[in-house]
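Each remark here refers to the structure printed beneath this line.
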Amino acid sequence: MNAAPTTTLFERLTAAARTEWEGYTHHSFVEQLGEGTLPLAAFQDYLVQDYLFLIQFARANALAAYKSRSLADIQGSADALGAILTETELHVRLTEGWGIDRATLEAAPEKQATVAYTRYVLDAGLSGDLLDLNVALAPCTIGYAEIGARLAPQLEGRPDHPYRDWIAEYAGDGFQQAARRATERLDLLGARSLTEQRFDELATVFRTASRLEEAFWQQALDDLPS
């Protein structure tokens with residue numbers, strides 16, 4: 001008889017934060033993006049902010065390497081950092097198509113929701129341990145892969161879908177593999193120190209990070225020109 005599937009730490013976290021997770025991964029911004037109806041101005045605003053967001057996430061993964069105590073953990077953080085650097089190339093390619101060069105992109109001011117989530121993640125890493133940091137990173141690292149995979153079927157038969165490149169990036173093998181590694185890393189870290197009290201603390205971090213991700217989507221809609 002086959003054994004029942006093992007529940008991952010990530011699955012436990014999403015179950016504990018179901019309302020926040022659904023609010024983030026099924027936000028109106030995401031649904032409109034998948035349908036191809038998202039106003040271009042909202043997507044452009046989001047993508048510029050997401051580039052700035054990724055700079056801070058690169059710092060967070062560098063912090064994860066510093067907080068690591070083994071070469072395996074350092075390698076995991078380095079792999080995650082490499083995935084982020086690859087991700088930024090999508091942003092540069094798309095924004096250059098709108099006439100925004102890299103220097104202008106990097107000089108753009110960070111908006112409130114951008115600062116809120118990225119600094120929350122860095123604070124989780126500075127005040128906590130490697131597991132706290134990876135849980136705070138998980139909504140972005142793993143959530144985007146889930147969103148990309150869910151939206152990918154909406155590209156079928158629509159070669160002119162306006163957000164094809166974005167969806168394909170996060171549905172693609174490279175990002176999906178990075179998300180699987182992040183899921184596995186949570187389990188490896190959790191196996192060392194996870195208690196029920198510790199899980200409750202991590203669930204609070206995960207809920208907060210998911211709410212901040214939702215606010216990041218909403219920021220782009222709220223700032224649409226009237």
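Every chain in the structure tokens takes a letter, A first, then B, and so on in the order presented; its residues are numbered from 1, and the ligands are numbered from 1 following the presented order.
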DSSP on the backbone: which residues in segment 1-106 of chain A end up as helix (DSSP H, G or I)? Give the answer as a PyMOL selection string.
chain A and resi 9-16+18-25+28-35+40-67+71-97+102-106
Which of these residues is nearest to Glu35 of chain A, using only C-alpha atoms: A:Pro109, A:Gly174, A:Gly190, A:Pro162?
A:Pro162
Measuring atom to atom with only C-alpha atoms, identify which of A:Ser210, A:Ser77, A:Thr95, A:Thr183 is nearest to Thr118 of chain A.
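With only C-alpha atoms as the atom set, the closest residue is A:Ser210.
Nearest to Tyr170 of chain A of all the residues A:Thr204, A:Thr86, A:Ala108, A:Tyr24 is A:Thr86, counting only C-alpha atoms.
When only C-alpha atoms are used to measure the gap to Pro139 of chain A, the shortest distance among A:Ala15, A:Ala209, A:Ala215, A:Ala182 belongs to A:Ala209.
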What's the 12 Å shell around His26 of chain A, counting only C-alpha atoms, without same-chain residues fewer than 2 positions away, as an MDAnalysis selection string?
chainID A and resid 18:24 28:34 143:144 146:148 150:151 210 213:214 217:218
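Using only C-alpha atoms, the shortest contact distance between Leu47 of chain A and any of A:Ser127, A:Thr88, A:Thr104, A:Ser193 is found at A:Thr88.
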How many Å separate atom CA of Glu89 of chain A from atom CA of Asp73 of chain A?
25.2 Å
Find the residue from A:Gln154, A:Gln197, A:Asn134, A:Thr208 that sits nearest to Ala64 of chain A; use only C-alpha atoms when measuring.
A:Asn134
Distance query Leu130 of chain A at most 8 Å, only C-alpha atoms, self and fewer than 2 positions along chain excluded, as a PyMOL selection string:
chain A and resi 64+67-68+125+128+132-134+189
Save the residues we just selected, all heavy atoms, as an mmCIF file, in the first residue's frame?
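Saved as part-v8.cif:
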data_model
loop_
_atom_site.group_PDB
_atom_site.id
_atom_site.type_symbol
_atom_site.label_atom_id
_atom_site.label_comp_id
_atom_site.auth_asym_id
_atom_site.auth_seq_id
_atom_site.Cartn_x
_atom_site.Cartn_y
_atom_site.Cartn_z
ATOM 1 N N ALA A 64 20.723 35.669 3.717
ATOM 2 C CA ALA A 64 20.501 34.253 4.008
ATOM 3 C C ALA A 64 21.810 33.468 3.915
ATOM 4 O O ALA A 64 22.065 32.572 4.734
ATOM 5 C CB ALA A 64 19.462 33.666 3.050
ATOM 6 N N LYS A 67 23.683 34.167 7.053
ATOM 7 C CA LYS A 67 23.093 33.522 8.219
ATOM 8 C C LYS A 67 23.271 31.999 8.185
ATOM 9 O O LYS A 67 22.997 31.324 9.171
ATOM 10 C CB LYS A 67 21.596 33.841 8.292
ATOM 11 C CG LYS A 67 21.241 35.314 8.346
ATOM 12 C CD LYS A 67 21.348 35.905 9.729
ATOM 13 C CE LYS A 67 20.157 35.569 10.584
ATOM 14 N NZ LYS A 67 20.103 36.404 11.815
ATOM 15 N N SER A 68 23.719 31.480 7.067
ATOM 16 C CA SER A 68 23.862 30.035 6.912
ATOM 17 C C SER A 68 25.053 29.503 7.692
ATOM 18 O O SER A 68 26.057 30.198 7.875
ATOM 19 C CB SER A 68 24.033 29.680 5.428
ATOM 20 O OG SER A 68 22.890 30.041 4.687
ATOM 21 N N GLY A 125 14.864 38.471 8.650
ATOM 22 C CA GLY A 125 16.158 37.810 8.598
ATOM 23 C C GLY A 125 17.132 38.326 9.643
ATOM 24 O O GLY A 125 17.897 37.558 10.235
ATOM 25 N N GLY A 128 15.535 37.283 13.170
ATOM 26 C CA GLY A 128 15.297 35.858 13.336
ATOM 27 C C GLY A 128 16.433 35.033 12.779
ATOM 28 O O GLY A 128 17.563 35.497 12.628
ATOM 29 N N ASP A 132 13.183 31.746 9.614
ATOM 30 C CA ASP A 132 12.326 32.931 9.582
ATOM 31 C C ASP A 132 12.464 33.668 8.248
ATOM 32 O O ASP A 132 11.467 34.077 7.638
ATOM 33 C CB ASP A 132 12.716 33.903 10.704
ATOM 34 C CG ASP A 132 12.367 33.396 12.078
ATOM 35 O OD1 ASP A 132 11.173 33.215 12.361
ATOM 36 O OD2 ASP A 132 13.294 33.173 12.874
ATOM 37 N N LEU A 133 13.690 33.837 7.816
ATOM 38 C CA LEU A 133 13.954 34.573 6.578
ATOM 39 C C LEU A 133 13.369 33.850 5.377
ATOM 40 O O LEU A 133 12.722 34.465 4.523
ATOM 41 C CB LEU A 133 15.458 34.773 6.414
ATOM 42 C CG LEU A 133 15.939 35.501 5.155
ATOM 43 C CD1 LEU A 133 15.214 36.822 4.952
ATOM 44 C CD2 LEU A 133 17.448 35.727 5.235
ATOM 45 N N ASN A 134 13.545 32.549 5.303
ATOM 46 C CA ASN A 134 13.022 31.803 4.160
ATOM 47 C C ASN A 134 11.501 31.757 4.140
ATOM 48 O O ASN A 134 10.889 31.758 3.061
ATOM 49 C CB ASN A 134 13.615 30.391 4.136
ATOM 50 C CG ASN A 134 14.975 30.342 3.495
ATOM 51 O OD1 ASN A 134 15.095 30.181 2.282
ATOM 52 N ND2 ASN A 134 16.012 30.506 4.284
ATOM 53 N N LEU A 189 15.170 23.105 6.621
ATOM 54 C CA LEU A 189 15.381 24.003 7.752
ATOM 55 C C LEU A 189 14.404 23.695 8.884
ATOM 56 O O LEU A 189 14.771 23.717 10.063
ATOM 57 C CB LEU A 189 15.233 25.456 7.302
ATOM 58 C CG LEU A 189 16.283 25.974 6.323
ATOM 59 C CD1 LEU A 189 15.887 27.344 5.782
ATOM 60 C CD2 LEU A 189 17.655 26.039 6.977
#
Which polymer residues have any atom within 10 Å of an atom of Tyr117 of chain A, counting only C-alpha atoms, with same-chain residues fewer than 3 positions away left out, as a count of residues only?
21
As an mmCIF file with N, CA and C atoms, in the first residue's frame, please: the residues near Ala42 of chain A (cut-off 8 Å, only C-alpha atoms, same-chain neighbours under 4 positions excluded).
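What landed in selection_18.cif:
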data_model
loop_
_atom_site.group_PDB
_atom_site.id
_atom_site.type_symbol
_atom_site.label_atom_id
_atom_site.label_comp_id
_atom_site.auth_asym_id
_atom_site.auth_seq_id
_atom_site.Cartn_x
_atom_site.Cartn_y
_atom_site.Cartn_z
ATOM 1 N N LEU A 38 -5.570 43.653 -17.848
ATOM 2 C CA LEU A 38 -4.932 44.591 -16.927
ATOM 3 C C LEU A 38 -4.468 45.826 -17.691
ATOM 4 N N TYR A 46 3.806 48.513 -11.855
ATOM 5 C CA TYR A 46 4.170 47.328 -11.070
ATOM 6 C C TYR A 46 5.570 46.840 -11.417
ATOM 7 N N ALA A 220 -0.326 49.022 -7.480
ATOM 8 C CA ALA A 220 -0.306 49.334 -8.913
ATOM 9 C C ALA A 220 -1.686 49.723 -9.417
ATOM 10 N N LEU A 221 -2.753 49.136 -8.849
ATOM 11 C CA LEU A 221 -4.102 49.503 -9.252
ATOM 12 C C LEU A 221 -4.504 50.847 -8.668
ATOM 13 N N ASP A 223 -2.671 53.330 -8.036
ATOM 14 C CA ASP A 223 -1.944 54.444 -8.613
ATOM 15 C C ASP A 223 -2.236 54.668 -10.099
ATOM 16 N N LEU A 224 -3.254 53.994 -10.611
ATOM 17 C CA LEU A 224 -3.659 54.226 -12.001
ATOM 18 C C LEU A 224 -4.138 55.672 -12.160
#
Can you tell me how far atom CA of Phe43 of chain A sits from atom CA of Tyr163 of chain A, in Å to one decimal?
8.9 Å
